[in-house]
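*Asks:* Here you go, upload.txt (compact mmCIF, C-alpha atoms):
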# COMPACT_ATOMS: atom_id res chain seq x y z
CA MET A 1 156.07 147.90 156.90
CA SER A 2 157.42 151.23 155.64
CA SER A 3 154.95 154.05 155.89
CA GLU A 4 156.48 155.55 152.72
CA ARG A 5 155.12 152.76 150.47
CA PRO A 6 151.46 153.15 149.34
CA VAL A 7 148.78 150.52 150.01
CA TYR A 8 146.40 149.64 147.16
CA THR A 9 142.95 148.17 147.23
CA VAL A 10 142.08 145.02 145.36
CA THR A 11 139.99 147.02 142.94
CA GLN A 12 142.94 149.36 142.27
CA VAL A 13 145.23 146.41 141.55
CA ASN A 14 142.76 144.77 139.19
CA SER A 15 142.06 148.03 137.43
CA TYR A 16 145.81 148.65 137.03
CA LEU A 17 146.36 145.20 135.55
CA LYS A 18 143.43 145.73 133.20
CA ALA A 19 144.87 149.04 132.03
CA VAL A 20 148.29 147.49 131.47
CA MET A 21 146.86 144.57 129.53
CA ASP A 22 144.57 146.81 127.48
CA GLN A 23 147.59 148.85 126.39
CA ASP A 24 149.51 145.76 125.30
CA ARG A 25 149.28 145.51 121.51
CA LEU A 26 149.81 141.75 121.54
CA LEU A 27 146.99 141.11 123.97
CA SER A 28 144.61 143.49 122.20
CA GLY A 29 144.19 141.19 119.23
CA LEU A 30 145.65 137.68 119.02
CA PHE A 31 144.81 134.20 117.71
CA VAL A 32 144.77 131.33 120.18
CA ARG A 33 144.64 127.64 119.23
CA GLY A 34 143.14 125.15 121.67
CA GLU A 35 140.48 122.58 122.47
CA ILE A 36 137.06 123.68 123.72
CA SER A 37 135.97 122.47 127.15
CA ASN A 38 133.15 123.37 129.55
CA PHE A 39 131.23 125.11 126.78
CA LYS A 40 127.93 126.60 127.94
CA THR A 41 125.50 129.13 126.51
CA TYR A 42 123.35 131.07 128.96
CA PRO A 43 119.82 132.41 128.37
CA SER A 44 121.35 135.80 127.74
CA GLY A 45 122.98 134.39 124.59
CA HIS A 46 126.54 134.78 125.96
CA SER A 47 128.78 131.71 125.72
CA TYR A 48 131.45 130.78 128.25
CA PHE A 49 134.11 128.12 127.75
CA SER A 50 137.78 127.32 128.16
CA LEU A 51 140.53 126.70 125.65
CA LYS A 52 143.05 124.13 126.74
CA ASP A 53 146.11 122.31 125.51
CA GLU A 54 148.54 119.91 127.10
CA GLY A 55 150.13 122.67 129.12
CA GLY A 56 147.33 124.93 130.35
CA SER A 57 143.85 126.40 130.15
CA LEU A 58 142.49 129.83 129.20
CA ARG A 59 139.05 131.12 130.17
CA CYS A 60 137.03 132.61 127.32
CA VAL A 61 133.78 134.47 126.81
CA MET A 62 131.87 135.17 123.59
CA PHE A 63 129.06 137.67 123.79
CA ARG A 64 125.70 137.16 122.10
CA ARG A 65 126.36 139.44 119.12
CA GLU A 66 129.53 137.58 118.12
CA ALA A 67 128.03 134.16 118.94
CA SER A 68 125.02 134.76 116.71
CA ARG A 69 127.32 135.15 113.72
CA LEU A 70 128.78 131.65 114.11
CA ARG A 71 127.82 129.29 111.29
CA PHE A 72 128.65 126.19 113.31
CA ARG A 73 127.81 124.98 116.80
CA PRO A 74 130.84 124.86 119.16
CA GLU A 75 131.15 121.57 121.04
CA ASN A 76 133.41 120.25 123.79
CA GLY A 77 136.49 118.57 122.40
CA MET A 78 136.44 120.60 119.18
CA LYS A 79 139.79 122.05 118.16
CA VAL A 80 139.42 125.71 117.23
CA ILE A 81 141.29 128.95 116.64
CA ALA A 82 139.89 131.88 118.59
CA PHE A 83 140.59 135.54 117.90
CA GLY A 84 140.07 138.25 120.49
CA ARG A 85 141.63 140.33 123.23
CA ILE A 86 142.84 139.29 126.67
CA THR A 87 142.08 141.47 129.65
CA VAL A 88 141.18 141.30 133.31
CA PHE A 89 137.67 141.27 134.64
CA PRO A 90 138.12 143.61 137.66
CA ARG A 91 135.38 142.11 139.77
CA ASP A 92 137.06 138.72 140.25
CA GLY A 93 140.60 139.47 139.07
CA GLN A 94 140.53 136.71 136.45
CA TYR A 95 141.96 137.37 133.05
CA GLN A 96 140.17 135.84 130.06
CA LEU A 97 139.94 135.95 126.31
CA TYR A 98 137.07 138.04 124.99
CA CYS A 99 136.47 136.06 121.82
CA GLY A 100 135.28 137.93 118.71
CA GLU A 101 135.76 135.16 116.15
CA LEU A 102 135.90 131.38 116.36
CA THR A 103 136.79 128.98 113.55
CA PRO A 104 137.41 125.22 113.51
CA ASP A 105 141.07 124.35 113.38
CA GLY A 106 142.01 122.61 110.11
CA VAL A 107 138.60 122.93 108.34
CA GLY A 108 136.38 125.84 107.50
CA ASP A 109 133.49 126.84 109.71
CA LEU A 110 131.06 126.40 106.80
CA HIS A 111 132.12 122.81 106.37
CA VAL A 112 131.67 122.10 110.07
CA ALA A 113 128.28 123.81 110.10
CA PHE A 114 127.23 121.79 107.05
CA GLU A 115 128.18 118.47 108.64
CA GLN A 116 126.60 119.35 111.98
CA LEU A 117 123.27 120.33 110.42
CA LYS A 118 123.28 117.35 108.10
CA ASP A 119 123.82 114.98 111.02
CA LYS A 120 121.12 116.68 113.08
CA LEU A 121 118.48 116.58 110.35
CA TYR A 122 119.39 113.02 109.42
CA ARG A 123 118.82 111.87 112.99
CA GLU A 124 115.46 113.68 113.00
CA GLY A 125 114.38 111.79 109.86
CA LEU A 126 114.18 114.71 107.42
CA PHE A 127 116.13 112.74 104.80
CA ASP A 128 114.02 109.56 105.00
CA ALA A 129 112.96 108.18 101.62
CA ALA A 130 109.55 107.34 103.06
CA HIS A 131 108.80 111.06 103.31
CA LYS A 132 109.66 111.77 99.66
CA LYS A 133 106.64 112.70 97.56
CA PRO A 134 106.34 111.44 93.97
CA LEU A 135 106.55 114.05 91.24
CA PRO A 136 103.45 114.55 89.04
CA ARG A 137 103.92 113.02 85.61
CA TYR A 138 102.24 115.88 83.77
CA PRO A 139 102.36 119.00 85.99
CA GLY A 140 99.89 121.69 85.02
CA ARG A 141 101.52 124.44 87.14
CA ILE A 142 105.18 124.78 88.12
CA ALA A 143 106.47 127.33 90.64
CA LEU A 144 110.06 128.51 90.35
CA ILE A 145 111.48 129.88 93.60
CA THR A 146 114.70 131.56 92.58
CA SER A 147 116.30 134.87 91.73
CA PRO A 148 114.52 136.75 88.93
CA ALA A 149 117.83 138.07 87.63
CA GLY A 150 119.83 134.84 87.51
CA ALA A 151 120.86 132.81 84.47
CA ALA A 152 119.33 129.78 86.17
CA LEU A 153 115.83 131.22 85.67
CA ARG A 154 116.41 131.85 81.97
CA ASP A 155 117.72 128.32 81.47
CA MET A 156 114.76 126.74 83.26
CA LEU A 157 112.18 128.83 81.37
CA ARG A 158 113.81 127.99 78.04
CA ILE A 159 113.88 124.25 78.72
CA LEU A 160 110.38 124.10 80.22
CA ASN A 161 108.92 125.93 77.23
CA ALA A 162 110.78 123.73 74.76
CA ARG A 163 109.93 120.44 76.44
CA TYR A 164 106.40 120.97 77.74
CA PRO A 165 104.74 124.27 76.79
CA LEU A 166 101.43 123.08 78.26
CA ALA A 167 102.69 123.78 81.79
CA HIS A 168 101.93 127.17 83.34
CA VAL A 169 105.09 128.52 84.99
CA LEU A 170 104.86 130.82 88.02
CA LEU A 171 107.90 132.74 89.29
CA ILE A 172 108.16 133.51 93.01
CA PRO A 173 111.16 135.88 93.14
CA VAL A 174 113.53 135.60 96.10
CA ARG A 175 117.11 136.44 96.94
CA VAL A 176 119.33 133.38 96.78
CA GLN A 177 122.43 134.85 98.41
CA GLY A 178 123.04 136.94 101.52
CA GLU A 179 121.64 137.12 105.02
CA GLU A 180 118.04 137.72 103.90
CA ALA A 181 118.00 134.86 101.38
CA PRO A 182 117.18 131.89 103.69
CA GLY A 183 114.17 133.63 105.20
CA GLU A 184 112.82 134.66 101.79
CA ILE A 185 113.23 131.16 100.32
CA ALA A 186 111.55 129.53 103.33
CA ALA A 187 108.70 132.05 103.27
CA ALA A 188 108.13 131.46 99.52
CA LEU A 189 107.98 127.70 100.07
CA ARG A 190 105.49 128.05 102.91
CA TYR A 191 103.33 130.48 100.89
CA ALA A 192 103.26 128.24 97.81
CA SER A 193 102.36 125.23 99.94
CA ALA A 194 99.66 126.98 101.94
CA HIS A 195 97.90 128.34 98.83
CA ARG A 196 98.56 125.31 96.59
CA LEU A 197 100.00 127.57 93.92
CA ALA A 198 101.47 124.75 91.86
CA ASP A 199 101.68 121.02 91.27
CA LEU A 200 105.48 121.12 91.49
CA ILE A 201 108.12 123.47 92.91
CA ILE A 202 111.68 123.98 91.70
CA THR A 203 113.95 125.97 94.00
CA GLY A 204 117.62 126.70 93.48
CA ARG A 205 120.19 128.89 91.83
CA GLY A 206 123.25 128.77 89.62
CA GLY A 207 126.74 127.80 90.66
CA GLY A 208 129.06 129.56 93.06
CA SER A 209 131.26 129.06 96.08
CA MET A 210 130.08 127.26 99.18
CA GLU A 211 129.43 130.61 100.79
CA ASP A 212 127.40 131.73 97.74
CA LEU A 213 125.21 128.62 98.00
CA TRP A 214 124.90 128.78 101.77
CA ALA A 215 121.28 129.93 101.82
CA PHE A 216 120.31 126.40 100.78
CA ASN A 217 122.28 124.97 103.73
CA GLU A 218 120.26 126.84 106.33
CA GLU A 219 117.99 124.91 108.67
CA VAL A 220 115.01 127.18 108.05
CA VAL A 221 115.07 126.33 104.32
CA ALA A 222 115.49 122.61 105.00
CA ARG A 223 112.49 122.53 107.30
CA ALA A 224 110.37 124.57 104.89
CA ILE A 225 111.10 122.03 102.13
CA TYR A 226 110.30 119.15 104.48
CA ASP A 227 106.98 120.70 105.54
CA CYS A 228 105.95 121.64 101.99
CA GLU A 229 102.84 119.80 100.79
CA ILE A 230 103.90 120.22 97.15
CA PRO A 231 106.72 118.06 95.68
CA VAL A 232 110.00 120.02 95.61
CA ILE A 233 112.98 119.65 93.27
CA SER A 234 116.23 121.09 94.61
CA ALA A 235 118.43 122.57 91.87
CA VAL A 236 121.43 124.28 93.43
CA GLY A 237 124.72 125.02 91.70
CA HIS A 238 126.57 122.56 89.50
CA GLU A 239 126.62 118.77 89.64
CA PRO A 240 129.43 118.47 92.26
CA ASP A 241 127.67 120.95 94.59
CA VAL A 242 125.65 119.33 97.36
CA THR A 243 123.50 121.25 99.83
CA ILE A 244 121.24 120.38 102.74
CA ALA A 245 118.26 121.25 100.53
CA ASP A 246 119.29 118.42 98.18
CA PHE A 247 118.97 115.86 100.99
CA VAL A 248 115.55 117.09 102.14
CA ALA A 249 113.94 117.71 98.74
CA ASP A 250 111.78 115.11 97.05
CA LEU A 251 114.24 115.05 94.14
CA ARG A 252 117.73 116.48 93.68
CA ALA A 253 118.73 117.85 90.29
CA ALA A 254 122.36 118.30 89.30
CA THR A 255 121.70 121.79 87.88
CA PRO A 256 118.72 124.10 87.34
CA SER A 257 118.62 123.01 83.70
CA ASN A 258 118.53 119.38 84.79
CA ALA A 259 115.67 120.22 87.18
CA ALA A 260 113.61 121.56 84.28
CA GLU A 261 114.30 118.37 82.33
CA LEU A 262 113.26 116.19 85.27
CA ALA A 263 110.14 118.23 86.00
CA VAL A 264 108.31 117.75 82.70
CA PRO A 265 108.15 115.22 79.87
CA ASP A 266 109.59 115.97 76.43
CA GLN A 267 106.87 117.03 74.01
CA SER A 268 108.66 115.35 71.08
CA GLU A 269 108.63 112.04 72.96
CA LEU A 270 104.97 112.56 73.84
CA ARG A 271 104.11 113.28 70.21
CA SER A 272 105.94 110.12 69.12
CA ALA A 273 104.14 108.10 71.77
CA LEU A 274 100.78 109.56 70.72
CA ARG A 275 101.50 108.66 67.09
CA ARG A 276 102.36 105.10 68.13
CA TYR A 277 99.21 104.84 70.21
CA GLY A 278 97.19 106.29 67.32
CA ASP A 279 98.62 103.74 64.90
CA ARG A 280 97.90 100.90 67.33
CA LEU A 281 94.37 102.17 67.92
CA SER A 282 93.75 102.56 64.20
CA GLY A 283 95.06 99.06 63.53
CA ALA A 284 92.97 97.53 66.29
CA GLU A 285 89.84 99.34 65.11
CA GLY A 286 90.48 98.31 61.51
CA ALA A 287 90.85 94.67 62.56
CA ARG A 288 87.63 94.88 64.57
CA LEU A 289 85.77 96.35 61.60
CA GLU A 290 87.11 93.62 59.30
CA ARG A 291 85.92 90.92 61.70
CA ALA A 292 82.51 92.61 61.80
CA ARG A 293 82.40 92.67 57.96
CA GLN A 294 83.22 88.96 57.79
CA THR A 295 80.50 88.18 60.34
CA LEU A 296 77.98 90.25 58.39
CA ARG A 297 79.00 88.58 55.12
CA ARG A 298 78.67 85.12 56.65
CA LEU A 299 75.24 85.93 58.06
CA SER A 300 74.00 87.50 54.84
CA GLU A 301 74.92 84.31 52.94
CA SER A 302 73.21 81.99 55.43
CA ARG A 303 70.11 79.98 54.36
CA ALA A 304 68.10 81.40 57.28
CA LEU A 305 68.30 84.93 55.88
CA ARG A 306 68.03 83.96 52.20
CA SER A 307 64.97 81.68 52.68
CA PRO A 308 63.25 82.17 56.07
CA ALA A 309 60.24 79.93 55.00
CA ALA A 310 62.54 76.98 54.26
CA GLN A 311 64.08 77.35 57.69
CA ILE A 312 60.62 77.18 59.27
CA GLN A 313 59.69 74.09 57.17
CA ASP A 314 62.90 72.37 58.29
CA ARG A 315 62.01 73.06 61.89
CA ARG A 316 58.50 71.68 61.36
CA VAL A 317 59.87 68.42 59.92
CA LEU A 318 62.28 68.18 62.81
CA LEU A 319 59.41 68.81 65.25
CA ASP A 320 57.32 65.97 63.69
CA TYR A 321 60.29 63.63 63.82
CA GLN A 322 60.95 64.45 67.47
CA GLY A 323 57.21 63.99 68.27
CA GLN A 324 57.21 60.53 66.70
CA ARG A 325 60.32 59.55 68.64
CA LEU A 326 58.74 60.76 71.86
CA SER A 327 55.49 58.84 71.18
CA HIS A 328 57.31 55.60 70.32
CA GLY A 329 59.49 56.00 73.37
CA LEU A 330 56.52 56.51 75.69
CA THR A 331 54.66 53.49 74.18
CA ALA A 332 57.67 51.24 74.62
CA ALA A 333 58.21 52.41 78.18
CA LEU A 334 54.53 51.84 79.03
CA GLY A 335 54.66 48.32 77.59
CA ARG A 336 57.73 47.49 79.65
CA ASP A 337 56.06 48.80 82.81
CA ARG A 338 52.89 46.74 82.13
CA ALA A 339 54.86 43.53 81.65
CA ARG A 340 56.80 44.17 84.84
CA PHE A 341 53.54 44.85 86.72
CA ALA A 342 51.96 41.59 85.47
CA GLY A 343 55.02 39.61 86.58
CA LEU A 344 54.99 41.12 90.05
CA ALA A 345 51.21 40.51 90.37
CA ALA A 346 51.65 36.85 89.43
CA LYS A 347 54.39 36.42 92.01
CA LEU A 348 52.28 38.12 94.65
CA ASP A 349 49.25 35.92 93.81
CA ALA A 350 51.35 32.78 94.03
CA LEU A 351 52.43 33.75 97.52
CA SER A 352 48.86 34.55 98.72
CA PRO A 353 47.66 32.46 101.76
CA LEU A 354 44.27 32.06 100.08
CA LYS A 355 45.88 30.12 97.21
CA VAL A 356 47.38 27.73 99.77
CA LEU A 357 44.00 27.28 101.45
CA GLY A 358 42.42 26.65 98.05
CA ARG A 359 44.62 23.61 97.60
CA GLY A 360 43.10 21.92 100.72
CA TYR A 361 45.19 23.39 103.48
CA ALA A 362 43.71 25.06 106.56
CA LEU A 363 44.80 27.66 109.13
CA VAL A 364 44.21 26.65 112.76
CA ARG A 365 43.99 29.21 115.56
CA SER A 366 43.47 28.88 119.27
CA SER A 367 40.59 30.50 121.07
CA GLY A 368 42.98 33.39 121.80
CA GLY A 369 43.69 33.90 118.07
CA GLU A 370 47.20 32.40 118.08
CA VAL A 371 48.22 30.27 115.08
CA ILE A 372 48.53 26.56 116.01
CA SER A 373 51.25 24.70 114.13
CA SER A 374 51.78 21.76 116.53
CA ALA A 375 49.44 19.35 118.35
CA GLU A 376 51.37 20.08 121.49
CA GLN A 377 49.90 23.58 121.50
CA THR A 378 46.37 22.25 122.22
CA GLU A 379 44.63 20.33 124.93
CA GLU A 380 41.80 17.82 124.64
CA GLY A 381 38.46 19.56 124.90
CA GLU A 382 39.95 22.97 123.83
CA GLN A 383 37.96 25.10 121.43
CA ILE A 384 39.85 25.93 118.18
CA SER A 385 39.04 27.73 114.88
CA VAL A 386 39.84 26.23 111.49
CA ARG A 387 40.09 28.66 108.53
CA LEU A 388 39.34 27.12 105.11
CA ALA A 389 39.36 28.58 101.60
CA ASP A 390 35.66 29.47 101.65
CA GLY A 391 34.87 29.74 105.37
CA ALA A 392 35.77 28.76 108.93
CA LEU A 393 34.92 25.93 111.37
CA ASP A 394 34.61 26.15 115.14
CA CYS A 395 35.86 22.82 116.49
CA ARG A 396 36.77 21.10 119.76
CA VAL A 397 39.72 18.82 120.24
CA GLU A 398 38.42 15.36 121.02
CA LYS A 399 41.71 13.54 121.02
CA LYS A 400 45.39 14.22 120.15
CA ARG A 401 47.46 11.76 118.15
CA ARG A 402 51.15 11.82 117.46
CA LEU A 403 52.09 11.10 113.85
Could you render the structure from this file as structure tokens?
*Replies:*
Amino acid sequence: MSSERPVYTVTQVNSYLKAVMDQDRLLSGLFVRGEISNFKTYPSGHSYFSLKDEGGSLRCVMFRREASRLRFRPENGMKVIAFGRITVFPRDGQYQLYCGELTPDGVGDLHVAFEQLKDKLYREGLFDAAHKKPLPRYPGRIALITSPAGAALRDMLRILNARYPLAHVLLIPVRVQGEEAPGEIAAALRYASAHRLADLIITGRGGGSMEDLWAFNEEVVARAIYDCEIPVISAVGHEPDVTIADFVADLRAATPSNAAELAVPDQSELRSALRRYGDRLSGAEGARLERARQTLRRLSESRALRSPAAQIQDRRVLLDYQGQRLSHGLTAALGRDRARFAGLAAKLDALSPLKVLGRGYALVRSSGGEVISSAEQTEEGEQISVRLADGALDCRVEKKRRL
């Protein structure tokens, strides 16, 4: 090795390469297309990943400040375009892309962020119909959470006053565009819910680009709507515009004007309905009164009211007639019972043993009291008793004969 050639340390070599690369205009700011792999975010907030294609791989780092500005969540396999500078990290000698911006390849980052959040909240159940609260039919208080300077507010106030002036309208002013807007909208929703400021809430704004409407696509607003104890109507942009707030809200209106129409009934329709109900009530009451008049007329013409004494006399005659019928009925029934009793007594008398004895028959018993019906039941010399109609004989068997 020639002593004339200098020897460099590793640190000197890496520092030299870093200086060379930092001076290269191409490497100081370039766009790189590739597919994300090995994406990981550390507790510090810095994100590390690689961009790869079919021919190679490039290490990348995105520091917390730049990563916090992303509207979408980078995922492995996602095709993106990264912008940044390439330089060497002297400590390990590896060159990498220090990424300042990251956008999905082929679609906008807002669109990707929208789809990612929609899928996430859907899987968590924030869009479930079972969670939707019914709107009050006749709201007494309506809170409008929107910009105080927008045309949307003027349209809603005009329609609410024209359709249902009985409702008390409360404005909770918020910004509806810009970085501060999502936090203000979410805070207004939470405040209105916590203090029960209204029976119904309408939140939204007029039309604009997707970026203009983005405050209503933020997760903090979606969760504030979901947690709100008061029914919420989402009224963002024009009819084709769809936001995350529309999916979470209890009802989605195509426009702010449409939200005002959906929130309250039309006073002209209510007046017509009240007139119809009044006519029906008047007709029903008139019919009831007419039936009462007819009943009163019928009663006033009745004989009972025109001649009360005659009514009493009629009842007396009827009472006498019923008394006679009852007496005749009881007499006839008593006669039938007497005849039946006499017949039964005659039958019973005819069957009496004393009647049989009166005709010359006798009842013979042994000394033990048993009835003797055959000569074979006695022995000669046995004492027997003979019962006659008017007395009894104590006898002794002298002799038995067979007849």
*Asks:* Go through A:Lys400, A:Asp241, A:His195, A:Arg71 one by one, measure the shortest atom-to-atom distance of each to Glu179 in chain A using only C-alpha atoms, and give the residue with the smallest value.
*Replies:*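 Looking at the shortest contact to Glu179 in chain A, the residue is A:Arg71.
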*Asks:* Is it possible to get the residues within 7 Å of (142.1, 136.3, 128.4) (coordinates as in the file, counting only C-alpha atoms) written as a PyMOL selection string?
*Replies:* chain A and resi 58-60+85-87+95-98
*Asks:* Find the residue from A:Tyr277, A:Tyr164, A:Phe341, A:Tyr226 that sits nearest to Pro265 in chain A; use all atoms listed in the file when measuring.
*Replies:*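 With all atoms listed in the file as the atom set, the closest residue is A:Tyr164.
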*Asks:* Go through range 243-288 of chain A residue by residue and, counting all atoms listed in the file, keep those with an atom at most 9 Å from range 113-129 of chain A; for each kept residue give the shortest atom pair and its distance in Å to one decimal, ordered by chain and increasing number, as a tab-separated table.
*Replies:*
residue	atom	partner	partner_atom	distance
A:Thr243	CA	A:Phe114	CA	8.1
A:Ile244	CA	A:Lys118	CA	6.5
A:Phe247	CA	A:Phe127	CA	5.7
A:Val248	CA	A:Phe127	CA	5.1
A:Ala249	CA	A:Phe127	CA	8.1
A:Asp250	CA	A:Ala129	CA	8.4
*Asks:* Please provide the set of residues having any atom within 12 Å of Val371 in chain A, restricted to all atoms listed in the file, with same-chain residues fewer than 4 positions apart removed, written as a ChimeraX atom specification.
*Replies:* /A:362-367,375,377-378,384-387
*Asks:* For Thr255 in chain A, find every residue with an atom within 8 Å (counting all atoms listed in the file), except residues of its own chain fewer than 3 positions away, and show them as a VMD selection string.
*Replies:* chain A and resid 206 235 to 239 258 to 259
*Asks:* What's the 12 Å shell around range 24-36 of chain A, counting all atoms listed in the file, without same-chain residues fewer than 4 positions away, as an MDAnalysis selection string?
*Replies:* chainID A and resid 17:20 40 47:61 73:88 95:106
*Asks:* Near Ile202 in chain A, within 8 Å and counting only C-alpha atoms, which residues show up once chain neighbours fewer than 6 positions away are dropped, as a VMD selection string?
*Replies:* chain A and resid 142 to 145 232 to 235 259
*Asks:* Env of Arg196 in chain A: 12 Å cut, atoms = only C-alpha atoms, seq-sep filter 2 positions within chain, self excluded. Answer as a compact mmCIF listing (two decimals) with C-alpha atoms, keeping the file's coordinate frame.
*Replies:*
# COMPACT_ATOMS: atom_id res chain seq x y z
CA ARG A 141 101.52 124.44 87.14
CA ILE A 142 105.18 124.78 88.12
CA ALA A 143 106.47 127.33 90.64
CA LEU A 170 104.86 130.82 88.02
CA ALA A 188 108.13 131.46 99.52
CA LEU A 189 107.98 127.70 100.07
CA ARG A 190 105.49 128.05 102.91
CA TYR A 191 103.33 130.48 100.89
CA ALA A 192 103.26 128.24 97.81
CA SER A 193 102.36 125.23 99.94
CA ALA A 194 99.66 126.98 101.94
CA ALA A 198 101.47 124.75 91.86
CA ASP A 199 101.68 121.02 91.27
CA LEU A 200 105.48 121.12 91.49
CA ILE A 201 108.12 123.47 92.91
CA CYS A 228 105.95 121.64 101.99
CA GLU A 229 102.84 119.80 100.79
CA ILE A 230 103.90 120.22 97.15
CA PRO A 231 106.72 118.06 95.68
*Asks:* To one decimal place, how far is CA of Arg205 in chain A from CA of Leu153 in chain A in Å?
*Replies:*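 Calculated distance between CA of Arg205 in chain A and CA of Leu153 in chain A is 7.9 Å.
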*Asks:* Could range 83-94 of chain A be completed with N, CA and C atoms and written as a PDB file, keeping the file's coordinate frame, please?
*Replies:*
ATOM      1  N   PHE A  83     139.974 134.222 118.025  1.00  0.00           N
ATOM      2  CA  PHE A  83     140.590 135.540 117.900  1.00  0.00           C
ATOM      3  C   PHE A  83     139.877 136.483 118.860  1.00  0.00           C
ATOM      4  N   GLY A  84     140.672 137.297 119.581  1.00  0.00           N
ATOM      5  CA  GLY A  84     140.070 138.250 120.490  1.00  0.00           C
ATOM      6  C   GLY A  84     141.141 138.978 121.292  1.00  0.00           C
ATOM      7  N   ARG A  85     140.693 139.576 122.389  1.00  0.00           N
ATOM      8  CA  ARG A  85     141.630 140.330 123.230  1.00  0.00           C
ATOM      9  C   ARG A  85     141.599 139.738 124.648  1.00  0.00           C
ATOM     10  N   ILE A  86     142.733 139.800 125.308  1.00  0.00           N
ATOM     11  CA  ILE A  86     142.840 139.290 126.670  1.00  0.00           C
ATOM     12  C   ILE A  86     142.914 140.465 127.632  1.00  0.00           C
ATOM     13  N   THR A  87     142.066 140.422 128.629  1.00  0.00           N
ATOM     14  CA  THR A  87     142.080 141.470 129.650  1.00  0.00           C
ATOM     15  C   THR A  87     141.564 140.893 130.956  1.00  0.00           C
ATOM     16  N   VAL A  88     141.601 141.738 131.976  1.00  0.00           N
ATOM     17  CA  VAL A  88     141.180 141.300 133.310  1.00  0.00           C
ATOM     18  C   VAL A  88     139.763 141.779 133.567  1.00  0.00           C
ATOM     19  N   PHE A  89     138.987 140.881 134.180  1.00  0.00           N
ATOM     20  CA  PHE A  89     137.670 141.270 134.640  1.00  0.00           C
ATOM     21  C   PHE A  89     137.835 141.746 136.087  1.00  0.00           C
ATOM     22  N   PRO A  90     137.734 143.071 136.347  1.00  0.00           N
ATOM     23  CA  PRO A  90     138.120 143.610 137.660  1.00  0.00           C
ATOM     24  C   PRO A  90     137.355 142.991 138.835  1.00  0.00           C
ATOM     25  N   ARG A  91     136.153 142.572 138.627  1.00  0.00           N
ATOM     26  CA  ARG A  91     135.380 142.110 139.770  1.00  0.00           C
ATOM     27  C   ARG A  91     135.979 140.881 140.429  1.00  0.00           C
ATOM     28  N   ASP A  92     136.501 139.921 139.648  1.00  0.00           N
ATOM     29  CA  ASP A  92     137.060 138.720 140.250  1.00  0.00           C
ATOM     30  C   ASP A  92     138.554 138.568 139.997  1.00  0.00           C
ATOM     31  N   GLY A  93     139.154 139.509 139.276  1.00  0.00           N
ATOM     32  CA  GLY A  93     140.600 139.470 139.070  1.00  0.00           C
ATOM     33  C   GLY A  93     141.051 138.395 138.123  1.00  0.00           C
ATOM     34  N   GLN A  94     140.157 137.777 137.399  1.00  0.00           N
ATOM     35  CA  GLN A  94     140.530 136.710 136.450  1.00  0.00           C
ATOM     36  C   GLN A  94     140.719 137.324 135.066  1.00  0.00           C
TER      37      GLN A  94
END
